[in-house]
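File shown: target-v4.cif (mmCIF, C-alpha atoms).
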data_target
loop_
_atom_site.label_atom_id
_atom_site.label_comp_id
_atom_site.auth_asym_id
_atom_site.auth_seq_id
_atom_site.Cartn_x
_atom_site.Cartn_y
_atom_site.Cartn_z
CA MET A 1 -29.69 -1.34 -3.33
CA SER A 2 -29.26 -1.55 -7.09
CA ASP A 3 -26.03 0.44 -6.84
CA ARG A 4 -24.70 -1.91 -4.15
CA LEU A 5 -25.55 -4.97 -6.26
CA ALA A 6 -23.80 -3.46 -9.26
CA VAL A 7 -20.68 -2.78 -7.20
CA GLU A 8 -20.72 -6.28 -5.74
CA VAL A 9 -21.05 -7.89 -9.18
CA GLY A 10 -18.02 -5.94 -10.34
CA VAL A 11 -16.06 -6.88 -7.23
CA LYS A 12 -16.75 -10.58 -7.72
CA ALA A 13 -15.63 -10.35 -11.33
CA GLU A 14 -12.35 -8.76 -10.25
CA ILE A 15 -11.78 -11.41 -7.57
CA ALA A 16 -12.32 -14.13 -10.18
CA LYS A 17 -9.78 -12.38 -12.41
CA ASP A 18 -7.24 -12.33 -9.59
CA LEU A 19 -7.79 -15.99 -8.76
CA SER A 20 -7.25 -16.97 -12.39
CA GLN A 21 -3.66 -15.78 -12.15
CA ALA A 22 -0.83 -17.27 -10.14
CA TYR A 23 0.68 -14.94 -7.57
CA ARG A 24 4.48 -15.04 -7.16
CA PRO A 25 5.49 -12.07 -5.00
CA LEU A 26 9.07 -13.27 -4.57
CA GLU A 27 9.52 -12.82 -8.32
CA ALA A 28 7.50 -9.62 -8.76
CA LEU A 29 9.02 -7.89 -5.71
CA SER A 30 12.60 -9.10 -5.89
CA GLY A 31 15.00 -6.41 -4.71
CA ARG A 32 12.36 -4.62 -2.63
CA THR A 33 12.23 -4.36 1.15
CA CYS A 34 9.56 -4.71 3.82
CA LEU A 35 8.38 -1.71 5.83
CA ASP A 36 10.87 -2.62 8.56
CA GLY A 37 13.78 -2.84 6.10
CA ARG A 38 14.06 -6.60 5.73
CA PRO A 39 14.65 -7.77 2.14
CA VAL A 40 11.84 -9.47 0.25
CA ASP A 41 14.30 -11.88 -1.36
CA GLY A 42 14.29 -15.09 0.67
CA PHE A 43 11.46 -13.99 2.96
CA GLN A 44 9.64 -17.04 4.37
CA GLY A 45 6.35 -15.51 5.58
CA ASP A 46 3.45 -13.71 3.91
CA ILE A 47 4.25 -10.86 1.54
CA LEU A 48 1.63 -8.10 1.30
CA GLU A 49 1.51 -5.17 -1.14
CA TYR A 50 0.27 -1.78 0.04
CA TRP A 51 -0.51 0.45 -2.95
CA SER A 52 -0.78 4.08 -1.99
CA ASN A 53 -0.73 7.69 -3.07
CA LEU A 54 0.85 10.14 -0.66
CA GLU A 55 -1.89 12.67 -1.30
CA CYS A 56 -4.71 10.21 -0.61
CA PRO A 57 -5.98 10.98 2.93
CA TYR A 58 -6.81 7.30 3.50
CA CYS A 59 -3.29 6.07 2.69
CA GLY A 60 -1.83 6.42 6.15
CA ILE A 61 1.44 4.76 7.15
CA GLN A 62 0.83 4.32 10.88
CA GLU A 63 -1.56 1.34 10.69
CA PRO A 64 0.61 -0.61 8.21
CA LEU A 65 3.65 0.11 10.40
CA GLN A 66 1.82 -1.16 13.46
CA ALA A 67 0.71 -4.28 11.58
CA GLN A 68 4.33 -4.88 10.56
CA ARG A 69 5.53 -4.52 14.15
CA ASP A 70 2.77 -6.77 15.51
CA ASN A 71 3.30 -9.52 12.91
CA PRO A 72 6.98 -10.26 12.21
CA ASN A 73 5.92 -13.11 9.90
CA LEU A 74 4.52 -10.50 7.49
CA CYS A 75 6.44 -8.44 4.95
CA ILE A 76 4.50 -5.32 3.92
CA VAL A 77 5.86 -3.77 0.73
CA VAL A 78 4.85 -0.21 -0.16
CA ARG A 79 4.07 0.43 -3.81
CA HIS A 80 3.25 3.77 -5.37
CA ILE A 81 0.57 4.94 -7.77
CA PRO A 82 1.10 8.71 -8.11
CA SER A 83 -0.46 10.62 -10.98
CA ASP A 84 -0.58 14.15 -12.36
CA GLU A 85 -4.03 14.79 -10.93
CA TYR A 86 -2.64 14.44 -7.42
CA GLY A 87 -0.21 17.34 -7.70
CA GLU A 88 3.00 16.62 -5.80
CA SER A 89 2.33 12.94 -5.17
CA LEU A 90 5.14 11.82 -7.50
CA LYS A 91 7.71 14.01 -5.75
CA LYS A 92 6.49 12.74 -2.40
CA ALA A 93 6.79 9.09 -3.51
CA LEU A 94 10.32 9.64 -4.81
CA ALA A 95 11.37 11.46 -1.64
CA TYR A 96 9.94 8.73 0.59
CA GLU A 97 11.78 5.97 -1.26
CA ALA A 98 15.01 7.98 -1.30
CA LEU A 99 14.79 8.66 2.44
CA ARG A 100 14.27 4.97 3.18
CA GLY A 101 17.80 4.31 2.03
CA PHE A 102 19.13 6.48 4.87
CA SER A 103 16.60 6.19 7.70
CA LEU A 104 13.35 4.23 7.89
CA ASN A 105 12.12 6.38 10.76
CA ALA A 106 12.79 9.62 8.89
CA ALA A 107 11.04 8.26 5.79
CA HIS A 108 7.98 7.17 7.73
CA ARG A 109 7.76 10.49 9.57
CA PHE A 110 8.03 12.27 6.22
CA TRP A 111 5.08 10.20 4.91
CA ASP A 112 3.00 11.00 7.96
CA ALA A 113 3.81 14.71 7.71
CA VAL A 114 2.99 15.23 4.03
CA LEU A 115 -0.19 13.13 3.96
CA PRO A 116 -3.52 15.00 4.27
CA LYS A 117 -5.29 13.57 7.31
CA THR A 118 -8.78 14.24 5.89
CA THR A 119 -10.16 15.08 2.46
CA LEU A 120 -9.88 18.76 3.46
CA GLY A 121 -6.73 18.42 5.52
CA ILE A 122 -3.66 20.53 4.85
CA PRO A 123 -0.41 18.54 5.09
CA VAL A 124 3.00 19.91 5.99
CA PRO A 125 4.52 21.50 2.86
CA TYR A 126 6.57 18.97 0.92
CA GLU A 127 9.79 21.00 0.94
CA ALA A 128 9.64 21.66 4.69
CA ALA A 129 8.99 18.01 5.52
CA LEU A 130 11.84 16.86 3.28
CA GLN A 131 14.23 19.38 4.83
CA THR A 132 13.31 18.18 8.31
CA ALA A 133 13.84 14.54 7.33
CA MET A 134 17.24 15.33 5.82
CA GLN A 135 18.32 17.10 8.99
CA GLU A 136 17.09 14.23 11.19
CA ALA A 137 19.00 11.64 9.17
CA ALA A 138 22.03 13.90 8.52
CA ILE A 139 21.70 13.48 4.74
CA ALA A 140 23.87 15.60 2.48
CA PRO A 141 21.99 17.19 -0.46
CA GLU A 142 24.23 15.49 -3.03
CA ALA A 143 23.63 12.10 -1.41
CA LEU A 144 19.88 12.63 -1.53
CA ALA A 145 20.11 13.59 -5.20
CA ASP A 146 21.73 10.24 -5.99
CA ALA A 147 19.11 8.40 -3.92
CA LEU A 148 16.30 10.22 -5.74
CA GLN A 149 17.75 9.07 -9.05
CA ALA A 150 17.74 5.46 -7.83
CA ALA A 151 14.18 5.82 -6.52
CA THR A 152 12.96 6.96 -9.94
CA SER A 153 13.32 3.49 -11.48
CA LEU A 154 11.49 1.88 -8.56
CA VAL A 155 8.53 4.27 -8.63
CA SER A 156 8.41 4.12 -12.44
CA ALA A 157 8.15 0.33 -12.25
CA ASP A 158 5.23 0.67 -9.85
CA ILE A 159 3.44 3.07 -12.18
CA VAL A 160 3.76 0.60 -15.06
CA ALA A 161 2.65 -2.34 -12.90
CA ALA A 162 -0.40 -0.41 -11.68
CA GLN A 163 -1.79 0.25 -15.14
CA SER A 164 -5.33 -1.14 -15.55
CA ARG A 165 -4.88 -3.06 -12.30
CA ILE A 166 -4.83 -0.55 -9.43
CA THR A 167 -7.75 1.84 -9.72
CA SER A 168 -8.05 3.33 -6.21
CA THR A 169 -5.97 3.91 -3.12
CA PRO A 170 -5.25 2.45 -0.77
CA THR A 171 -5.27 -1.00 -2.36
CA TRP A 172 -3.93 -4.03 -0.53
CA ILE A 173 -2.89 -7.15 -2.43
CA LEU A 174 -3.18 -10.21 -0.20
CA ASN A 175 -2.34 -13.58 -1.71
CA GLY A 176 -2.77 -12.00 -5.13
CA ILE A 177 -6.28 -10.69 -4.38
CA ARG A 178 -6.78 -6.94 -4.69
CA PHE A 179 -8.59 -5.15 -1.86
CA PRO A 180 -9.24 -1.69 -3.34
CA ALA A 181 -10.36 1.19 -1.12
CA CYS A 182 -9.69 -0.92 1.99
CA ASP A 183 -7.78 1.09 4.60
CA PHE A 184 -7.39 -1.79 7.06
CA THR A 185 -6.32 -1.11 10.62
CA ALA A 186 -3.42 -3.07 12.07
CA ALA A 187 -5.90 -5.31 13.90
CA GLU A 188 -8.04 -5.93 10.79
CA LEU A 189 -5.22 -6.79 8.40
CA PRO A 190 -4.45 -10.32 9.72
CA THR A 191 -8.16 -11.21 9.43
CA ALA A 192 -8.28 -10.05 5.81
CA LEU A 193 -5.07 -11.93 5.08
CA GLU A 194 -6.46 -15.16 6.52
CA LEU A 195 -9.64 -14.77 4.46
CA SER A 196 -7.57 -14.25 1.32
CA ARG A 197 -5.64 -17.42 2.10
CA GLN A 198 -8.91 -19.34 2.44
CA VAL A 199 -10.16 -17.90 -0.84
CA ARG A 200 -7.00 -19.10 -2.60
CA ALA A 201 -7.69 -22.53 -1.13
CA GLY A 202 -11.14 -22.59 -2.74
CA ASP A 203 -13.35 -21.62 0.21
CA THR A 204 -16.51 -20.12 -1.34
CA ASN A 205 -17.77 -18.75 1.98
CA ALA A 206 -14.53 -16.86 2.46
CA GLN A 207 -14.84 -15.54 -1.08
CA GLU A 208 -18.27 -14.13 -0.27
CA ARG A 209 -16.87 -12.46 2.84
CA VAL A 210 -14.00 -10.93 0.88
CA ALA A 211 -16.43 -9.64 -1.75
CA GLY A 212 -18.46 -8.05 1.04
CA ILE A 213 -15.39 -6.38 2.58
CA ILE A 214 -14.29 -4.90 -0.75
CA THR A 215 -17.82 -3.76 -1.57
CA ARG A 216 -18.07 -1.97 1.77
CA GLY A 217 -14.68 -0.37 1.18
CA LEU A 218 -15.74 0.95 -2.21
CA LEU A 219 -18.95 2.30 -0.65
CA ASN A 220 -16.97 3.93 2.18
CA GLU A 221 -18.49 1.77 4.89
CA SER A 222 -17.00 -0.11 7.85
CA LEU A 223 -14.87 -2.97 6.51
CA LEU A 224 -15.05 -5.63 9.24
#
As structure tokens, how would this structure be written, given the file I've shared?
Amino acid sequence: MSDRLAVEVGVKAEIAKDLSQAYRPLEALSGRTCLDGRPVDGFQGDILEYWSNLECPYCGIQEPLQAQRDNPNLCIVVRHIPSDEYGESLKKALAYEALRGFSLNAAHRFWDAVLPKTTLGIPVPYEAALQTAMQEAAIAPEALADALQAATSLVSADIVAAQSRITSTPTWILNGIRFPACDFTAAELPTALELSRQVRAGDTNAQERVAGIITRGLLNESLL
């Protein structure tokens, strides 16, 4: 119980920190695209950030994709937080972003293939998955090399933006509020988004609910 209270106190402090800052996703994410390829620039609906590491077994792509398909008024933007301790996660992030420029389906299948499905899961080898994706999308090696170069600046920007702010994966940012360790299903995501909207509007009850969701996520419990 004391551990749970300590976690919850920390969560509430982080929520307060998020609420003290204005959230302008159209500025921060200009030039990026939603999971379904639509540009962020000029988007009229809700913009959500999905921070992930492609070697984190909880950072699946299928539920975010389903949420994007089910809710066309949402724009889910993938952001990357690879690090040395995760082995090939940086190469996987760069490959995913490069593939997106040729084929969204090939990129998403690549993500699903290289991601460990459990903490002990063995993903498809990176090189094999990339080769399959290139064949599916008919990508020439020299074209992919150019795309990888372009992806480097995007992933590098994410790494800088994540410093001292993103501490676990997956982390959702909804209305500027961080939801660390929350691997929402497609059905749960709209509920969390609505709660975040209410918190931004000053609803203290919603803020307590959000704190509870994040606390349960950090303790590896059921979210909703």
(request) Can you work out which one of A:Ala192, A:Ser103, A:Leu154, A:Ala133 has the shortest atom-to-atom distance to Gly31 in chain A, counting only C-alpha atoms? (result) A:Leu154
(message) the PyMOL selection byres ((chain A and resi 169) around 6) - which residues does that actually catch in the file I just gave you? List them as JSON, numbers by chain.
(response) {"A": [52, 168, 170, 171, 181]}
Counting only C-alpha atoms, give me one row per residue of range 32-145 of chain A with an atom at most 12 Å from an atom of range 193-200 of chain A, showing the shortest contact pair and its distance in Å to one decimal, sorted by chain then residue number, as a Markdown table.
| residue | atom | partner | partner_atom | distance |
| --- | --- | --- | --- | --- |
| A:Gly45 | CA | A:Leu193 | CA | 12.0 |
| A:Asp46 | CA | A:Leu193 | CA | 8.8 |
| A:Ile47 | CA | A:Leu193 | CA | 10.0 |
| A:Leu48 | CA | A:Leu193 | CA | 8.6 |
| A:Glu49 | CA | A:Leu193 | CA | 11.3 |
| A:Ala67 | CA | A:Leu193 | CA | 11.6 |
| A:Asn71 | CA | A:Leu193 | CA | 11.7 |
| A:Leu74 | CA | A:Leu193 | CA | 10.0 |
| A:Ile76 | CA | A:Leu193 | CA | 11.7 |
(request) With the file shown as input, list the residues that the PyMOL selection byres ((chain A and resi 89) around 10) selects, as a VMD selection string. (result) chain A and resid 52 to 56 80 to 88 90 to 95 114 to 115 126
(request) Please return, as a list in words, all polymer residues that have at least one atom within 12 Å of the point (-11.9, -16.1, -10.3); use only C-alpha atoms and the file's own coordinate frame. (result) Gly10, Val11, Lys12, Ala13, Glu14, Ile15, Ala16, Lys17, Asp18, Leu19, Ser20, Gln21, Ala22, Gly176, Ile177, Arg178, Val199, Arg200, Ala201, Gly202, Asp203, Thr204, Gln207 and Ala211 of chain A
File of the preceding selection, C-alpha atoms, as a short mmCIF file (atom, residue, chain, number, x, y, z; two decimals), keeping the file's coordinate frame:
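selection_2.cif was written with the following content:
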data_model
loop_
_atom_site.label_atom_id
_atom_site.label_comp_id
_atom_site.auth_asym_id
_atom_site.auth_seq_id
_atom_site.Cartn_x
_atom_site.Cartn_y
_atom_site.Cartn_z
CA GLY A 10 -18.02 -5.94 -10.34
CA VAL A 11 -16.06 -6.88 -7.23
CA LYS A 12 -16.75 -10.58 -7.72
CA ALA A 13 -15.63 -10.35 -11.33
CA GLU A 14 -12.35 -8.76 -10.25
CA ILE A 15 -11.78 -11.41 -7.57
CA ALA A 16 -12.32 -14.13 -10.18
CA LYS A 17 -9.78 -12.38 -12.41
CA ASP A 18 -7.24 -12.33 -9.59
CA LEU A 19 -7.79 -15.99 -8.76
CA SER A 20 -7.25 -16.97 -12.39
CA GLN A 21 -3.66 -15.78 -12.15
CA ALA A 22 -0.83 -17.27 -10.14
CA GLY A 176 -2.77 -12.00 -5.13
CA ILE A 177 -6.28 -10.69 -4.38
CA ARG A 178 -6.78 -6.94 -4.69
CA VAL A 199 -10.16 -17.90 -0.84
CA ARG A 200 -7.00 -19.10 -2.60
CA ALA A 201 -7.69 -22.53 -1.13
CA GLY A 202 -11.14 -22.59 -2.74
CA ASP A 203 -13.35 -21.62 0.21
CA THR A 204 -16.51 -20.12 -1.34
CA GLN A 207 -14.84 -15.54 -1.08
CA ALA A 211 -16.43 -9.64 -1.75
#
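Taking CA of Asp183 in chain A and CA of Ser2 in chain A as endpoints, the distance between them is 24.6 Å.
Residues matching the PyMOL selection byres ((chain A and resi 33-39) around 6) in this structure come to A:Arg32, A:Val40, A:Asp41, A:Cys75, A:Ile76, A:Val77.
Put simply, CA of Asp3 in chain A is 9.6 Å away from CA of Leu219 in chain A.
Once all atoms listed in the file are considered, the residues situated within 10 Å of the file point (4.2, -6.7, -11.9) turn out to be A:Tyr23, A:Arg24, A:Pro25, A:Glu27, A:Ala28, A:Leu29, A:Ala157, A:Asp158, A:Ile159, A:Val160, A:Ala161, A:Ala162, A:Gln163, A:Arg165.
Rounded to one decimal, CA of Val210 in chain A and CA of Phe43 in chain A lie 25.7 Å from each other.
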(request) Find the residues around Asp146 in chain A up to 12 Å (all atoms listed in the file counted), leave out those fewer than 2 positions away in its own chain, and share them as a count of residues only. (result) 18
For Tyr50 in chain A, find every residue with an atom within 6 Å (counting all atoms listed in the file), except residues of its own chain fewer than 2 positions away, and show them as a PDB file with C-alpha atoms, keeping the file's coordinate frame.
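Heads up, here's the output in around01.pdb:
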ATOM      1  CA  VAL A  77       5.860  -3.770   0.730  1.00  0.00           C
ATOM      2  CA  VAL A  78       4.850  -0.210  -0.160  1.00  0.00           C
ATOM      3  CA  ARG A  79       4.070   0.430  -3.810  1.00  0.00           C
ATOM      4  CA  TRP A 172      -3.930  -4.030  -0.530  1.00  0.00           C
TER       5      TRP A 172
END
(message) Using only C-alpha atoms, can you tell me which of A:Glu188, A:Glu221, A:Glu127, A:Glu208 comes closest to Glu8 in chain A?
(response) A:Glu208
(message) Measuring between all atoms listed in the file, which one of A:Arg69, A:Arg4, A:His108, A:Lys117 shows the shortest distance to Gly212 in chain A?
(response) A:Arg4
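Distances to Pro64 in chain A were evaluated for A:Thr185, A:Ser222, A:Glu136, A:Ile214 using all atoms listed in the file, and the minimum falls at A:Thr185.
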Kindly list the centre and edge lengths in Å, rounded to one decimal, for the axis-aligned box that covers all listed atoms of range 103-108 of chain A plus 8 Å on each of its six sides, as lines of an AutoDock Vina configuration file.
center_x = 12.3
center_y = 6.9
center_z = 8.3
size_x = 24.6
size_y = 21.4
size_z = 21.0
(request) Return the single residue from A:Ala206, A:Leu104, A:Thr215, A:Leu189 that is closest to Glu63 in chain A, with distances computed using only C-alpha atoms. (result) A:Leu189
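Between Trp111 in chain A and the candidates A:Asn175, A:Ser156, A:Thr132, A:Asn73, the tightest atom-to-atom separation, counting only C-alpha atoms, involves A:Thr132.
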